[in-house]
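Here the structure comes first, spelled out in structure tokens, and everything after it is commentary.
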Amino acid sequence: MSAPVALRSSYSDLFGADMLPVLEEIFRSELERHPNKREELFKTVTTDRDIWQATELHDMPLHAIVGEGENYSFSRPKQGASKTLSVVKYGLGFSISEEAVEDGKFDMIADAIQKMAKSALETQEISAMNVLNNGFSSELAADGLSVINAAHTLPSGLTFRNTLSTQADLSQSSLDQALTDFETQFVGDSGIVYRSMPKILLVHPSLRRYAMELVGSDLKPDSADNNLNSIKSEGIRVVSSPHLTDTDAWFLLADKSETGLRIVNRMGIVTKASDDAVGFMNDSIFYKSKYREIIGVTHAYGVFGSSGA
């Protein structure tokens, strides 16, 4: 959608309900100009209730040899951890006076609408990145441990970790170790090794260029040798976010369909103003936007992180 032309000469005679379609066009246009980065990382699901519940099943045992004429062994999947996420509402509003319209302040009104749309998108981005910002501490997976933890424990007694044994800054060696851990550490309750592969290297913008060198250079970075850079063949894409609060932290993420990162959408971003009698009592339009969702994480598989040295 092209940006609407917000000219005073075109809209100076509008007020009340007649102005609302114009405001909505401006708001939606601004949303489309700034697509959410979080949707690259989190799987979006919808709910028609005020909660969303996820229940996991543990893995089945490995297949066994069945001799000719012998009966199969049957296994009943065991229920694993479950988690409930409760939807919350976000909102913001402001008022537009009739005098502002009469005095030709439509450019100012349009600017306020655009800034409110940016505010909604920014709030969503911050909420998503806080899942990872707090992933080493207060953000918990369904097993009750922090999302990124060195001792995720399964009912069988097996454990797995989704962080380095020793925290390290991003480098060729630490990334190489993380890639190895990604392939070997994610195990299920029966010992099955999960085969999810890392797709995204998430970093703070201060690390973005270096991260691109690590995953995209033809030759091995940070080395005087002319060895081929084997990491390039992994096909990892670098994504950066200014909302990562620790500039040293970095994360490897599998495809969003294989992780427990979730955006639970109850109601997308909508706008609302007064009814047809808008502006009658106090010569003002009260305009607001809101959305209802919750962002969280279920299982810890497919997410690997380091908080840096």
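Labeling convention for the structure tokens: chains A, B, ... as they appear, residues from 1 per chain, ligands from 1 in order of appearance.
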Residues near Ala54 in chain A, cut-off 8 Å, only C-alpha atoms, skip fewer than 4 positions along chain, as a PyMOL selection string: chain A and resi 82-84+298
query: Which residue out of A:Val66, A:Met116, A:Leu92, A:Ile236 has the minimum interatomic distance to Leu179 in chain A when only C-alpha atoms are used?
result: A:Ile236
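For the set A:Lys272, A:Ser240, A:Leu23, A:Val187, the residue with the smallest atom-to-atom gap to Asp107 in chain A is A:Leu23, counting only C-alpha atoms.
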message: Quick one: residues within 9 Å of Asp246 in chain A, only C-alpha atoms, excluding same-chain residues fewer than 4 positions away - as a list in words?
response: Asn133, His204, Trp250, Ser307 and Gly308 of chain A
Write the selection just made, keeping C-alpha atoms, as a PDB file, in the first residue's frame?
```pdb
ATOM      1  CA  ASN A 133      16.968 -11.422  26.904  1.00  0.00           C
ATOM      2  CA  HIS A 204      22.957  -7.440  18.511  1.00  0.00           C
ATOM      3  CA  TRP A 250      24.134 -14.471  20.686  1.00  0.00           C
ATOM      4  CA  SER A 307      25.509 -14.871  27.165  1.00  0.00           C
ATOM      5  CA  GLY A 308      29.063 -14.068  26.132  1.00  0.00           C
TER       6      GLY A 308
END
```
field: Residue list (strand (DSSP E or B), DSSP) for range 73-274 of chain A, as a count of residues only
entry: 56
- prompt: Nearest to Gln114 in chain A among A:Ser217, A:Ser127, A:Thr153, A:Ser29, with distances taken over only C-alpha atoms: which residue is it?
  reply: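 Checking each of A:Ser217, A:Ser127, A:Thr153, A:Ser29 against Gln114 in chain A, counting only C-alpha atoms, the winner is A:Ser29.
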- prompt: Near Ser156 in chain A, counting only C-alpha atoms, which residues have an atom at most 10 Å away, once you skip same-chain residues fewer than 6 positions from it, shown as a PyMOL selection string?
  reply: chain A and resi 58+188-191
Contact check, range 190-278 of chain A to range 287-297 of chain A, at most 7 Å, counting only C-alpha atoms, closest pairs as a Markdown table:
```
| residue | atom | partner | partner_atom | distance |
| --- | --- | --- | --- | --- |
| A:Gly260 | CA | A:Val297 | CA | 5.0 |
| A:Leu261 | CA | A:Val297 | CA | 4.5 |
| A:Arg262 | CA | A:Gly296 | CA | 5.5 |
| A:Ile263 | CA | A:Ile295 | CA | 4.6 |
| A:Val264 | CA | A:Ile294 | CA | 5.2 |
| A:Asn265 | CA | A:Glu293 | CA | 4.6 |
| A:Arg266 | CA | A:Glu293 | CA | 5.2 |
| A:Met267 | CA | A:Arg292 | CA | 4.8 |
| A:Gly268 | CA | A:Tyr291 | CA | 5.1 |
| A:Ile269 | CA | A:Tyr291 | CA | 4.6 |
| A:Val270 | CA | A:Ser289 | CA | 5.5 |
| A:Thr271 | CA | A:Ser289 | CA | 4.2 |
| A:Lys272 | CA | A:Lys288 | CA | 5.4 |
| A:Ala273 | CA | A:Tyr287 | CA | 4.6 |
```
- prompt: What is the distance between CA of Val88 in chain A and CA of Lys43 in chain A, in Å to one decimal?
  reply: 18.0 Å
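Between Gly144 in chain A and the residues A:Ile126, A:Tyr194, A:Thr245, A:Ala81, the shortest atom-to-atom distance, using only C-alpha atoms, involves A:Ala81.
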message: Nearest residue to Thr159 in chain A out of A:Thr259, A:Thr184, A:Ser95, A:Thr44, using only C-alpha atoms?
response: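 Comparing A:Thr259, A:Thr184, A:Ser95, A:Thr44 against Thr159 in chain A, the winner is A:Thr184.
Closest approach to Ile51 in chain A among A:Asn227, A:Leu202, A:Val87, A:Glu24 is made by A:Val87 (distances from only C-alpha atoms).
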field: Residue contacts of Glu122 in chain A (12 Å, only C-alpha atoms) excluding same-chain residues fewer than 2 positions away, as JSON, numbers by chain
entry: {"A": [31, 34, 35, 36, 37, 38, 90, 115, 116, 117, 118, 119, 120, 124, 125, 126, 127, 128, 129, 241, 242, 243]}
How about saving the chosen residues, N, CA, C and O atoms kept, as a short mmCIF file (atom, residue, chain, number, x, y, z; two decimals), in the first residue's frame?
```cif
data_model
loop_
_atom_site.label_atom_id
_atom_site.label_comp_id
_atom_site.auth_asym_id
_atom_site.auth_seq_id
_atom_site.Cartn_x
_atom_site.Cartn_y
_atom_site.Cartn_z
N LEU A 31 1.98 0.56 9.52
CA LEU A 31 2.23 -0.82 9.94
C LEU A 31 2.90 -1.61 8.82
O LEU A 31 3.83 -2.38 9.05
N HIS A 34 6.73 -1.27 8.14
CA HIS A 34 7.69 -1.79 9.12
C HIS A 34 7.29 -3.22 9.52
O HIS A 34 6.71 -3.43 10.58
N PRO A 35 7.58 -4.21 8.69
CA PRO A 35 7.21 -5.59 9.03
C PRO A 35 7.93 -6.05 10.29
O PRO A 35 9.07 -5.67 10.56
N ASN A 36 7.25 -6.86 11.06
CA ASN A 36 7.79 -7.35 12.33
C ASN A 36 8.92 -8.34 12.10
O ASN A 36 8.76 -9.33 11.38
N LYS A 37 10.06 -8.09 12.72
CA LYS A 37 11.18 -9.02 12.63
C LYS A 37 10.92 -10.26 13.49
O LYS A 37 11.41 -11.35 13.20
N ARG A 38 10.12 -10.09 14.53
CA ARG A 38 9.87 -11.20 15.45
C ARG A 38 9.23 -12.40 14.76
O ARG A 38 9.40 -13.54 15.17
N TYR A 90 -2.65 -4.94 25.25
CA TYR A 90 -1.79 -3.76 25.14
C TYR A 90 -2.59 -2.66 24.45
O TYR A 90 -3.38 -2.94 23.53
N LYS A 115 3.17 7.65 14.57
CA LYS A 115 3.98 7.33 15.76
C LYS A 115 3.27 6.32 16.65
O LYS A 115 3.92 5.51 17.32
N MET A 116 1.94 6.35 16.68
CA MET A 116 1.22 5.36 17.47
C MET A 116 1.36 3.98 16.85
O MET A 116 1.49 2.97 17.55
N ALA A 117 1.33 3.91 15.51
CA ALA A 117 1.54 2.62 14.84
C ALA A 117 2.94 2.10 15.11
O ALA A 117 3.14 0.91 15.39
N LYS A 118 3.94 2.99 15.04
CA LYS A 118 5.32 2.58 15.34
C LYS A 118 5.43 2.08 16.78
O LYS A 118 6.16 1.13 17.06
N SER A 119 4.71 2.74 17.68
CA SER A 119 4.74 2.33 19.09
C SER A 119 4.23 0.91 19.26
O SER A 119 4.80 0.12 20.02
N ALA A 120 3.14 0.58 18.55
CA ALA A 120 2.58 -0.77 18.66
C ALA A 120 3.58 -1.80 18.16
O ALA A 120 3.82 -2.83 18.81
N GLN A 124 5.71 -4.77 20.36
CA GLN A 124 5.70 -6.19 20.01
C GLN A 124 7.12 -6.73 19.85
O GLN A 124 7.42 -7.84 20.30
N GLU A 125 7.99 -5.95 19.21
CA GLU A 125 9.37 -6.40 19.02
C GLU A 125 10.10 -6.54 20.35
O GLU A 125 10.82 -7.52 20.58
N ILE A 126 9.91 -5.58 21.24
CA ILE A 126 10.58 -5.62 22.55
C ILE A 126 10.09 -6.83 23.35
O ILE A 126 10.89 -7.53 23.97
N SER A 127 8.78 -7.08 23.32
CA SER A 127 8.23 -8.22 24.06
C SER A 127 8.83 -9.53 23.58
O SER A 127 9.14 -10.43 24.37
N ALA A 128 9.00 -9.65 22.26
CA ALA A 128 9.56 -10.88 21.70
C ALA A 128 11.02 -11.05 22.10
O ALA A 128 11.44 -12.12 22.56
N MET A 129 11.81 -10.01 21.94
CA MET A 129 13.24 -10.12 22.25
C MET A 129 13.49 -10.30 23.74
O MET A 129 14.50 -10.88 24.14
N SER A 241 18.97 -7.58 16.13
CA SER A 241 17.91 -6.80 16.77
C SER A 241 18.51 -5.85 17.78
O SER A 241 19.27 -6.27 18.66
N PRO A 242 18.14 -4.56 17.71
CA PRO A 242 18.63 -3.60 18.71
C PRO A 242 17.99 -3.81 20.08
O PRO A 242 18.40 -3.19 21.06
N HIS A 243 17.00 -4.69 20.14
CA HIS A 243 16.31 -4.93 21.41
C HIS A 243 16.93 -6.06 22.22
O HIS A 243 16.41 -6.42 23.28
#
```
message: Could you tell me how far CA of Leu252 in chain A sits from CA of Arg195 in chain A, in Å to one decimal place?
response: 14.3 Å
field: Exercise: Glu139 in chain A partners within 9 Å, only C-alpha atoms, chain neighbours under 4 positions left out, as a list in words
entry: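 The filter keeps Asn130, Val131, Leu132, Asn133, Asn134, Gly135, Leu145, Ser146, Val147, Ile148, Gly296 and Val297 of chain A.
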Generate a file of the selected residues that holds N, CA and C atoms, formatted as a PDB file, in the first residue's frame.
```pdb
ATOM      1  N   ASN A 130      12.550  -9.836  24.575  1.00  0.00           N
ATOM      2  CA  ASN A 130      12.715 -10.040  26.020  1.00  0.00           C
ATOM      3  C   ASN A 130      12.634 -11.519  26.402  1.00  0.00           C
ATOM      4  N   VAL A 131      11.964 -12.326  25.587  1.00  0.00           N
ATOM      5  CA  VAL A 131      11.956 -13.768  25.837  1.00  0.00           C
ATOM      6  C   VAL A 131      13.385 -14.301  25.802  1.00  0.00           C
ATOM      7  N   LEU A 132      14.175 -13.803  24.858  1.00  0.00           N
ATOM      8  CA  LEU A 132      15.567 -14.240  24.752  1.00  0.00           C
ATOM      9  C   LEU A 132      16.467 -13.475  25.718  1.00  0.00           C
ATOM     10  N   ASN A 133      16.191 -12.185  25.922  1.00  0.00           N
ATOM     11  CA  ASN A 133      16.968 -11.422  26.904  1.00  0.00           C
ATOM     12  C   ASN A 133      16.909 -12.075  28.281  1.00  0.00           C
ATOM     13  N   ASN A 134      15.734 -12.586  28.624  1.00  0.00           N
ATOM     14  CA  ASN A 134      15.537 -13.223  29.927  1.00  0.00           C
ATOM     15  C   ASN A 134      15.679 -14.737  29.869  1.00  0.00           C
ATOM     16  N   GLY A 135      16.123 -15.235  28.713  1.00  0.00           N
ATOM     17  CA  GLY A 135      16.200 -16.679  28.519  1.00  0.00           C
ATOM     18  C   GLY A 135      17.205 -17.383  29.398  1.00  0.00           C
ATOM     19  N   LEU A 145      12.707 -24.785  34.054  1.00  0.00           N
ATOM     20  CA  LEU A 145      14.051 -24.219  34.030  1.00  0.00           C
ATOM     21  C   LEU A 145      14.114 -23.075  33.025  1.00  0.00           C
ATOM     22  N   SER A 146      15.110 -22.229  33.184  1.00  0.00           N
ATOM     23  CA  SER A 146      15.273 -21.143  32.233  1.00  0.00           C
ATOM     24  C   SER A 146      15.397 -21.712  30.821  1.00  0.00           C
ATOM     25  N   VAL A 147      14.890 -20.978  29.858  1.00  0.00           N
ATOM     26  CA  VAL A 147      14.851 -21.467  28.482  1.00  0.00           C
ATOM     27  C   VAL A 147      16.228 -21.936  28.031  1.00  0.00           C
ATOM     28  N   ILE A 148      17.233 -21.136  28.324  1.00  0.00           N
ATOM     29  CA  ILE A 148      18.608 -21.496  27.966  1.00  0.00           C
ATOM     30  C   ILE A 148      19.308 -21.943  29.233  1.00  0.00           C
ATOM     31  N   GLY A 296       5.743 -16.122  24.451  1.00  0.00           N
ATOM     32  CA  GLY A 296       6.431 -16.972  25.419  1.00  0.00           C
ATOM     33  C   GLY A 296       7.121 -18.137  24.732  1.00  0.00           C
ATOM     34  N   VAL A 297       7.452 -19.135  25.534  1.00  0.00           N
ATOM     35  CA  VAL A 297       8.181 -20.289  25.012  1.00  0.00           C
ATOM     36  C   VAL A 297       7.678 -21.541  25.711  1.00  0.00           C
TER      37      VAL A 297
END
```
query: Where does DSSP see alpha helix (DSSP H) in range 209-293 of chain A, if you list the residues as a list in words?
result: Arg209, Tyr210, Ala211, Met212, Glu213, Leu214, Val215 and Gly216 of chain A
Dump of N, CA and C atoms for the selected residues, as a CSV table (one decimal), in the first residue's frame:
```csv
chain,number,residue,atom,x,y,z
A,209,ARG,N,27.9,-7.4,11.5
A,209,ARG,CA,28.8,-7.5,10.4
A,209,ARG,C,29.8,-8.6,10.7
A,210,TYR,N,30.3,-8.7,11.9
A,210,TYR,CA,31.2,-9.8,12.3
A,210,TYR,C,30.5,-11.2,12.1
A,211,ALA,N,29.3,-11.3,12.5
A,211,ALA,CA,28.5,-12.5,12.3
A,211,ALA,C,28.4,-12.9,10.9
A,212,MET,N,28.1,-11.9,10.0
A,212,MET,CA,28.0,-12.1,8.6
A,212,MET,C,29.4,-12.7,8.0
A,213,GLU,N,30.5,-12.2,8.5
A,213,GLU,CA,31.8,-12.7,8.1
A,213,GLU,C,31.9,-14.1,8.5
A,214,LEU,N,31.5,-14.4,9.7
A,214,LEU,CA,31.7,-15.8,10.2
A,214,LEU,C,30.9,-16.8,9.4
A,215,VAL,N,29.7,-16.5,9.0
A,215,VAL,CA,28.8,-17.4,8.3
A,215,VAL,C,28.9,-17.3,6.8
A,216,GLY,N,29.5,-16.2,6.3
A,216,GLY,CA,29.5,-16.0,4.8
A,216,GLY,C,30.8,-15.9,4.1
```
Interatomic distance (Å, one decimal) between CA of Phe106 in chain A and CA of Arg33 in chain A: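 Between these atoms lies a distance of 20.6 Å.
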